[in-house]
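Content type mmCIF, N, CA and C atoms, from the file data-v6.cif:
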```
data_target
loop_
_atom_site.label_atom_id
_atom_site.label_comp_id
_atom_site.auth_asym_id
_atom_site.auth_seq_id
_atom_site.Cartn_x
_atom_site.Cartn_y
_atom_site.Cartn_z
N MET A 1379 41.92 -5.34 32.97
CA MET A 1379 41.35 -6.01 34.11
C MET A 1379 41.78 -5.27 35.38
N SER A 1380 40.85 -4.97 36.26
CA SER A 1380 41.21 -4.26 37.49
C SER A 1380 41.69 -5.23 38.56
N LYS A 1381 42.60 -4.74 39.39
CA LYS A 1381 43.13 -5.56 40.47
C LYS A 1381 42.14 -5.56 41.62
N THR A 1382 42.04 -6.69 42.30
CA THR A 1382 41.21 -6.78 43.48
C THR A 1382 41.98 -6.21 44.66
N ILE A 1383 41.36 -5.32 45.40
CA ILE A 1383 41.99 -4.68 46.54
C ILE A 1383 41.63 -5.43 47.82
N ASP A 1384 42.63 -5.65 48.66
CA ASP A 1384 42.40 -6.20 49.99
C ASP A 1384 42.05 -5.03 50.90
N TRP A 1385 40.78 -4.90 51.25
CA TRP A 1385 40.33 -3.77 52.05
C TRP A 1385 40.62 -3.92 53.53
N GLY A 1386 41.13 -5.06 53.96
CA GLY A 1386 41.44 -5.28 55.37
C GLY A 1386 42.35 -4.21 55.97
N PRO A 1387 43.46 -3.87 55.32
CA PRO A 1387 44.33 -2.83 55.88
C PRO A 1387 43.66 -1.45 55.97
N ILE A 1388 42.81 -1.12 55.01
CA ILE A 1388 42.08 0.15 55.06
C ILE A 1388 41.10 0.14 56.22
N ARG A 1389 40.39 -0.97 56.38
CA ARG A 1389 39.44 -1.09 57.50
C ARG A 1389 40.17 -0.99 58.84
N ALA A 1390 41.32 -1.63 58.94
CA ALA A 1390 42.10 -1.59 60.18
C ALA A 1390 42.56 -0.16 60.48
N LEU A 1391 43.02 0.55 59.45
CA LEU A 1391 43.45 1.94 59.62
C LEU A 1391 42.26 2.80 60.05
N ALA A 1392 41.13 2.65 59.40
CA ALA A 1392 39.94 3.42 59.76
C ALA A 1392 39.51 3.13 61.19
N ARG A 1393 39.56 1.87 61.59
CA ARG A 1393 39.17 1.49 62.96
C ARG A 1393 40.11 2.16 63.98
N ARG A 1394 41.42 2.11 63.69
CA ARG A 1394 42.38 2.72 64.62
C ARG A 1394 42.16 4.22 64.76
N VAL A 1395 41.86 4.88 63.65
CA VAL A 1395 41.72 6.34 63.67
C VAL A 1395 40.33 6.76 64.16
N PHE A 1396 39.27 6.20 63.58
CA PHE A 1396 37.92 6.67 63.89
C PHE A 1396 37.32 6.04 65.14
N THR A 1397 37.64 4.80 65.43
CA THR A 1397 37.06 4.13 66.59
C THR A 1397 37.95 4.24 67.82
N ASP A 1398 39.24 3.98 67.62
CA ASP A 1398 40.16 3.97 68.75
C ASP A 1398 40.74 5.35 69.06
N GLY A 1399 40.54 6.31 68.16
CA GLY A 1399 41.01 7.67 68.39
C GLY A 1399 42.50 7.88 68.16
N GLU A 1400 43.14 6.94 67.49
CA GLU A 1400 44.56 7.08 67.20
C GLU A 1400 44.77 8.19 66.18
N ARG A 1401 45.82 8.97 66.37
CA ARG A 1401 46.15 10.04 65.42
C ARG A 1401 46.67 9.40 64.13
N LEU A 1402 46.21 9.91 63.00
CA LEU A 1402 46.67 9.40 61.71
C LEU A 1402 48.08 9.91 61.45
N ALA A 1403 49.02 8.99 61.43
CA ALA A 1403 50.40 9.32 61.11
C ALA A 1403 50.65 8.89 59.67
N LEU A 1404 51.04 9.82 58.84
CA LEU A 1404 51.26 9.51 57.44
C LEU A 1404 52.67 8.94 57.24
N THR A 1405 52.84 7.73 57.68
CA THR A 1405 54.11 7.05 57.47
C THR A 1405 54.18 6.61 56.02
N ARG A 1406 55.34 6.16 55.62
CA ARG A 1406 55.51 5.67 54.25
C ARG A 1406 54.51 4.54 53.97
N LYS A 1407 54.32 3.67 54.95
CA LYS A 1407 53.40 2.53 54.80
C LYS A 1407 51.96 3.01 54.56
N GLU A 1408 51.50 3.98 55.35
CA GLU A 1408 50.14 4.49 55.18
C GLU A 1408 49.97 5.21 53.85
N LYS A 1409 50.98 5.97 53.44
CA LYS A 1409 50.90 6.67 52.16
C LYS A 1409 50.79 5.69 51.00
N VAL A 1410 51.58 4.63 51.04
CA VAL A 1410 51.52 3.60 49.99
C VAL A 1410 50.13 2.97 49.96
N LEU A 1411 49.60 2.65 51.12
CA LEU A 1411 48.27 2.05 51.22
C LEU A 1411 47.20 2.98 50.65
N LEU A 1412 47.23 4.24 51.03
CA LEU A 1412 46.22 5.19 50.55
C LEU A 1412 46.35 5.47 49.06
N LYS A 1413 47.57 5.57 48.56
CA LYS A 1413 47.76 5.77 47.11
C LYS A 1413 47.25 4.57 46.32
N ARG A 1414 47.53 3.38 46.84
CA ARG A 1414 47.14 2.16 46.14
C ARG A 1414 45.62 2.02 46.04
N THR A 1415 44.91 2.48 47.03
CA THR A 1415 43.46 2.31 47.05
C THR A 1415 42.69 3.53 46.53
N ALA A 1416 43.37 4.64 46.30
CA ALA A 1416 42.70 5.88 45.88
C ALA A 1416 41.87 5.70 44.61
N THR A 1417 42.43 5.06 43.61
CA THR A 1417 41.70 4.92 42.34
C THR A 1417 40.44 4.07 42.50
N GLN A 1418 40.42 3.20 43.49
CA GLN A 1418 39.24 2.36 43.72
C GLN A 1418 38.05 3.15 44.25
N VAL A 1419 38.33 4.34 44.78
CA VAL A 1419 37.25 5.19 45.31
C VAL A 1419 37.10 6.48 44.51
N GLY A 1420 37.63 6.49 43.28
CA GLY A 1420 37.41 7.61 42.37
C GLY A 1420 38.39 8.76 42.48
N ILE A 1421 39.54 8.54 43.10
CA ILE A 1421 40.56 9.59 43.19
C ILE A 1421 41.69 9.21 42.25
N ASP A 1422 42.01 10.12 41.30
CA ASP A 1422 43.06 9.75 40.35
C ASP A 1422 44.44 9.85 41.00
N ASP A 1423 45.42 9.20 40.38
CA ASP A 1423 46.76 9.09 40.94
C ASP A 1423 47.39 10.44 41.26
N SER A 1424 47.28 11.39 40.34
CA SER A 1424 47.92 12.70 40.56
C SER A 1424 47.27 13.45 41.72
N GLU A 1425 45.96 13.33 41.85
CA GLU A 1425 45.26 13.98 42.96
C GLU A 1425 45.66 13.35 44.29
N ALA A 1426 45.76 12.03 44.33
CA ALA A 1426 46.18 11.34 45.55
C ALA A 1426 47.61 11.73 45.92
N GLU A 1427 48.48 11.74 44.92
CA GLU A 1427 49.89 12.11 45.15
C GLU A 1427 49.98 13.52 45.72
N SER A 1428 49.23 14.44 45.16
CA SER A 1428 49.24 15.83 45.62
C SER A 1428 48.70 15.94 47.05
N ALA A 1429 47.60 15.26 47.32
CA ALA A 1429 46.99 15.33 48.65
C ALA A 1429 47.89 14.73 49.72
N LEU A 1430 48.60 13.69 49.38
CA LEU A 1430 49.45 13.02 50.37
C LEU A 1430 50.85 13.62 50.47
N ALA A 1431 51.11 14.65 49.70
CA ALA A 1431 52.44 15.28 49.72
C ALA A 1431 52.70 16.00 51.04
N THR A 1432 51.64 16.48 51.68
CA THR A 1432 51.79 17.16 52.97
C THR A 1432 50.77 16.60 53.95
N GLU A 1433 51.06 16.73 55.22
CA GLU A 1433 50.12 16.26 56.23
C GLU A 1433 48.83 17.06 56.19
N GLU A 1434 48.91 18.35 55.85
CA GLU A 1434 47.71 19.18 55.76
C GLU A 1434 46.81 18.73 54.62
N GLY A 1435 47.40 18.28 53.53
CA GLY A 1435 46.63 17.83 52.38
C GLY A 1435 45.85 16.57 52.65
N ALA A 1436 46.40 15.73 53.48
CA ALA A 1436 45.74 14.47 53.79
C ALA A 1436 44.67 14.69 54.81
#
```

Could the structure of this file be written out as structure tokens, please?
Amino acid sequence: MSKTIDWGPIRALARRVFTDGERLALTRKEKVLLKRTATQVGIDDSEAESALATEEGA
């Protein structure tokens, strides 16, 4: 059974970055959020982990 994702935090992050022009800071909190939701959009865990390992990858 798949877990239901609360998309509110992702929407809030997207709004801050894309609408408000805030720079995306990859804090521990943001990395956890992005890793947790990656599989829901077709990105496997290892790929997400690799991409978020550096700021350039994200």

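Closest approach to Arg1406 (chain A) among A:Ile1388, A:Lys1381, A:Ala1431, A:Arg1393 is made by A:Ala1431 (distances from only C-alpha atoms).
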
All helix (DSSP H, G or I) positions in chain A, as a PyMOL selection string: chain A and resi 1386-1397+1406-1419+1423-1429

Mind writing the picked residues with N, CA and C atoms as an mmCIF file, in the frame of the given file?
```cif
data_model
loop_
_atom_site.group_PDB
_atom_site.id
_atom_site.type_symbol
_atom_site.label_atom_id
_atom_site.label_comp_id
_atom_site.auth_asym_id
_atom_site.auth_seq_id
_atom_site.Cartn_x
_atom_site.Cartn_y
_atom_site.Cartn_z
ATOM 1 N N GLY A 1386 41.130 -5.060 53.960
ATOM 2 C CA GLY A 1386 41.440 -5.280 55.370
ATOM 3 C C GLY A 1386 42.350 -4.210 55.970
ATOM 4 N N PRO A 1387 43.460 -3.870 55.320
ATOM 5 C CA PRO A 1387 44.330 -2.830 55.880
ATOM 6 C C PRO A 1387 43.660 -1.450 55.970
ATOM 7 N N ILE A 1388 42.810 -1.120 55.010
ATOM 8 C CA ILE A 1388 42.080 0.150 55.060
ATOM 9 C C ILE A 1388 41.100 0.140 56.220
ATOM 10 N N ARG A 1389 40.390 -0.970 56.380
ATOM 11 C CA ARG A 1389 39.440 -1.090 57.500
ATOM 12 C C ARG A 1389 40.170 -0.990 58.840
ATOM 13 N N ALA A 1390 41.320 -1.630 58.940
ATOM 14 C CA ALA A 1390 42.100 -1.590 60.180
ATOM 15 C C ALA A 1390 42.560 -0.160 60.480
ATOM 16 N N LEU A 1391 43.020 0.550 59.450
ATOM 17 C CA LEU A 1391 43.450 1.940 59.620
ATOM 18 C C LEU A 1391 42.260 2.800 60.050
ATOM 19 N N ALA A 1392 41.130 2.650 59.400
ATOM 20 C CA ALA A 1392 39.940 3.420 59.760
ATOM 21 C C ALA A 1392 39.510 3.130 61.190
ATOM 22 N N ARG A 1393 39.560 1.870 61.590
ATOM 23 C CA ARG A 1393 39.170 1.490 62.960
ATOM 24 C C ARG A 1393 40.110 2.160 63.980
ATOM 25 N N ARG A 1394 41.420 2.110 63.690
ATOM 26 C CA ARG A 1394 42.380 2.720 64.620
ATOM 27 C C ARG A 1394 42.160 4.220 64.760
ATOM 28 N N VAL A 1395 41.860 4.880 63.650
ATOM 29 C CA VAL A 1395 41.720 6.340 63.670
ATOM 30 C C VAL A 1395 40.330 6.760 64.160
ATOM 31 N N PHE A 1396 39.270 6.200 63.580
ATOM 32 C CA PHE A 1396 37.920 6.670 63.890
ATOM 33 C C PHE A 1396 37.320 6.040 65.140
ATOM 34 N N THR A 1397 37.640 4.800 65.430
ATOM 35 C CA THR A 1397 37.060 4.130 66.590
ATOM 36 C C THR A 1397 37.950 4.240 67.820
ATOM 37 N N ARG A 1406 55.340 6.160 55.620
ATOM 38 C CA ARG A 1406 55.510 5.670 54.250
ATOM 39 C C ARG A 1406 54.510 4.540 53.970
ATOM 40 N N LYS A 1407 54.320 3.670 54.950
ATOM 41 C CA LYS A 1407 53.400 2.530 54.800
ATOM 42 C C LYS A 1407 51.960 3.010 54.560
ATOM 43 N N GLU A 1408 51.500 3.980 55.350
ATOM 44 C CA GLU A 1408 50.140 4.490 55.180
ATOM 45 C C GLU A 1408 49.970 5.210 53.850
ATOM 46 N N LYS A 1409 50.980 5.970 53.440
ATOM 47 C CA LYS A 1409 50.900 6.670 52.160
ATOM 48 C C LYS A 1409 50.790 5.690 51.000
ATOM 49 N N VAL A 1410 51.580 4.630 51.040
ATOM 50 C CA VAL A 1410 51.520 3.600 49.990
ATOM 51 C C VAL A 1410 50.130 2.970 49.960
ATOM 52 N N LEU A 1411 49.600 2.650 51.120
ATOM 53 C CA LEU A 1411 48.270 2.050 51.220
ATOM 54 C C LEU A 1411 47.200 2.980 50.650
ATOM 55 N N LEU A 1412 47.230 4.240 51.030
ATOM 56 C CA LEU A 1412 46.220 5.190 50.550
ATOM 57 C C LEU A 1412 46.350 5.470 49.060
ATOM 58 N N LYS A 1413 47.570 5.570 48.560
ATOM 59 C CA LYS A 1413 47.760 5.770 47.110
ATOM 60 C C LYS A 1413 47.250 4.570 46.320
ATOM 61 N N ARG A 1414 47.530 3.380 46.840
ATOM 62 C CA ARG A 1414 47.140 2.160 46.140
ATOM 63 C C ARG A 1414 45.620 2.020 46.040
ATOM 64 N N THR A 1415 44.910 2.480 47.030
ATOM 65 C CA THR A 1415 43.460 2.310 47.050
ATOM 66 C C THR A 1415 42.690 3.530 46.530
ATOM 67 N N ALA A 1416 43.370 4.640 46.300
ATOM 68 C CA ALA A 1416 42.700 5.880 45.880
ATOM 69 C C ALA A 1416 41.870 5.700 44.610
ATOM 70 N N THR A 1417 42.430 5.060 43.610
ATOM 71 C CA THR A 1417 41.700 4.920 42.340
ATOM 72 C C THR A 1417 40.440 4.070 42.500
ATOM 73 N N GLN A 1418 40.420 3.200 43.490
ATOM 74 C CA GLN A 1418 39.240 2.360 43.720
ATOM 75 C C GLN A 1418 38.050 3.150 44.250
ATOM 76 N N VAL A 1419 38.330 4.340 44.780
ATOM 77 C CA VAL A 1419 37.250 5.190 45.310
ATOM 78 C C VAL A 1419 37.100 6.480 44.510
ATOM 79 N N ASP A 1423 45.420 9.200 40.380
ATOM 80 C CA ASP A 1423 46.760 9.090 40.940
ATOM 81 C C ASP A 1423 47.390 10.440 41.260
ATOM 82 N N SER A 1424 47.280 11.390 40.340
ATOM 83 C CA SER A 1424 47.920 12.700 40.560
ATOM 84 C C SER A 1424 47.270 13.450 41.720
ATOM 85 N N GLU A 1425 45.960 13.330 41.850
ATOM 86 C CA GLU A 1425 45.260 13.980 42.960
ATOM 87 C C GLU A 1425 45.660 13.350 44.290
ATOM 88 N N ALA A 1426 45.760 12.030 44.330
ATOM 89 C CA ALA A 1426 46.180 11.340 45.550
ATOM 90 C C ALA A 1426 47.610 11.730 45.920
ATOM 91 N N GLU A 1427 48.480 11.740 44.920
ATOM 92 C CA GLU A 1427 49.890 12.110 45.150
ATOM 93 C C GLU A 1427 49.980 13.520 45.720
ATOM 94 N N SER A 1428 49.230 14.440 45.160
ATOM 95 C CA SER A 1428 49.240 15.830 45.620
ATOM 96 C C SER A 1428 48.700 15.940 47.050
ATOM 97 N N ALA A 1429 47.600 15.260 47.320
ATOM 98 C CA ALA A 1429 46.990 15.330 48.650
ATOM 99 C C ALA A 1429 47.890 14.730 49.720
#
```

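Here CA of Thr1382 (chain A) and atom N of Thr1432 (chain A) stand 26.8 Å from one another.
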
Can you list, as a PyMOL selection string, every protein, DNA or RNA residue that comes within 8 Å of Leu1411 (chain A) when you count only C-alpha atoms, leaving out same-chain residues fewer than 4 positions away? chain A and resi 1387-1388+1407+1415

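The gap separating CA of Leu1412 (chain A) from atom N of Arg1389 (chain A) is 10.3 Å, in Å to one decimal.
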
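Between CA of Arg1414 (chain A) and atom C of Leu1430 (chain A) the interatomic distance comes to 12.8 Å.
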
Ala1426 (chain A): which residues within 9 Å, counting only C-alpha atoms, same-chain residues fewer than 5 positions away excluded, as a PDB file with N, CA and C atoms, in the coordinates of the input?
```pdb
ATOM      1  N   LEU A1412      47.230   4.240  51.030  1.00  0.00           N
ATOM      2  CA  LEU A1412      46.220   5.190  50.550  1.00  0.00           C
ATOM      3  C   LEU A1412      46.350   5.470  49.060  1.00  0.00           C
ATOM      4  N   LYS A1413      47.570   5.570  48.560  1.00  0.00           N
ATOM      5  CA  LYS A1413      47.760   5.770  47.110  1.00  0.00           C
ATOM      6  C   LYS A1413      47.250   4.570  46.320  1.00  0.00           C
ATOM      7  N   ALA A1416      43.370   4.640  46.300  1.00  0.00           N
ATOM      8  CA  ALA A1416      42.700   5.880  45.880  1.00  0.00           C
ATOM      9  C   ALA A1416      41.870   5.700  44.610  1.00  0.00           C
ATOM     10  N   THR A1417      42.430   5.060  43.610  1.00  0.00           N
ATOM     11  CA  THR A1417      41.700   4.920  42.340  1.00  0.00           C
ATOM     12  C   THR A1417      40.440   4.070  42.500  1.00  0.00           C
ATOM     13  N   ILE A1421      39.540   8.540  43.100  1.00  0.00           N
ATOM     14  CA  ILE A1421      40.560   9.590  43.190  1.00  0.00           C
ATOM     15  C   ILE A1421      41.690   9.210  42.250  1.00  0.00           C
ATOM     16  N   ALA A1431      51.110  14.650  49.700  1.00  0.00           N
ATOM     17  CA  ALA A1431      52.440  15.280  49.720  1.00  0.00           C
ATOM     18  C   ALA A1431      52.700  16.000  51.040  1.00  0.00           C
ATOM     19  N   ALA A1436      46.400  15.730  53.480  1.00  0.00           N
ATOM     20  CA  ALA A1436      45.740  14.470  53.790  1.00  0.00           C
ATOM     21  C   ALA A1436      44.670  14.690  54.810  1.00  0.00           C
TER      22      ALA A1436
END
```

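With only C-alpha atoms as the atoms that count, the minimum distance from Glu1427 (chain A) to the choices A:Leu1402, A:Ala1392, A:Ile1383, A:Val1410 is reached by A:Val1410.
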
In terms of the shortest atom-to-atom distance over only C-alpha atoms, which of A:Glu1400, A:Ala1429, A:Val1419, A:Ser1424 is closest to Trp1385 (chain A)? A:Val1419
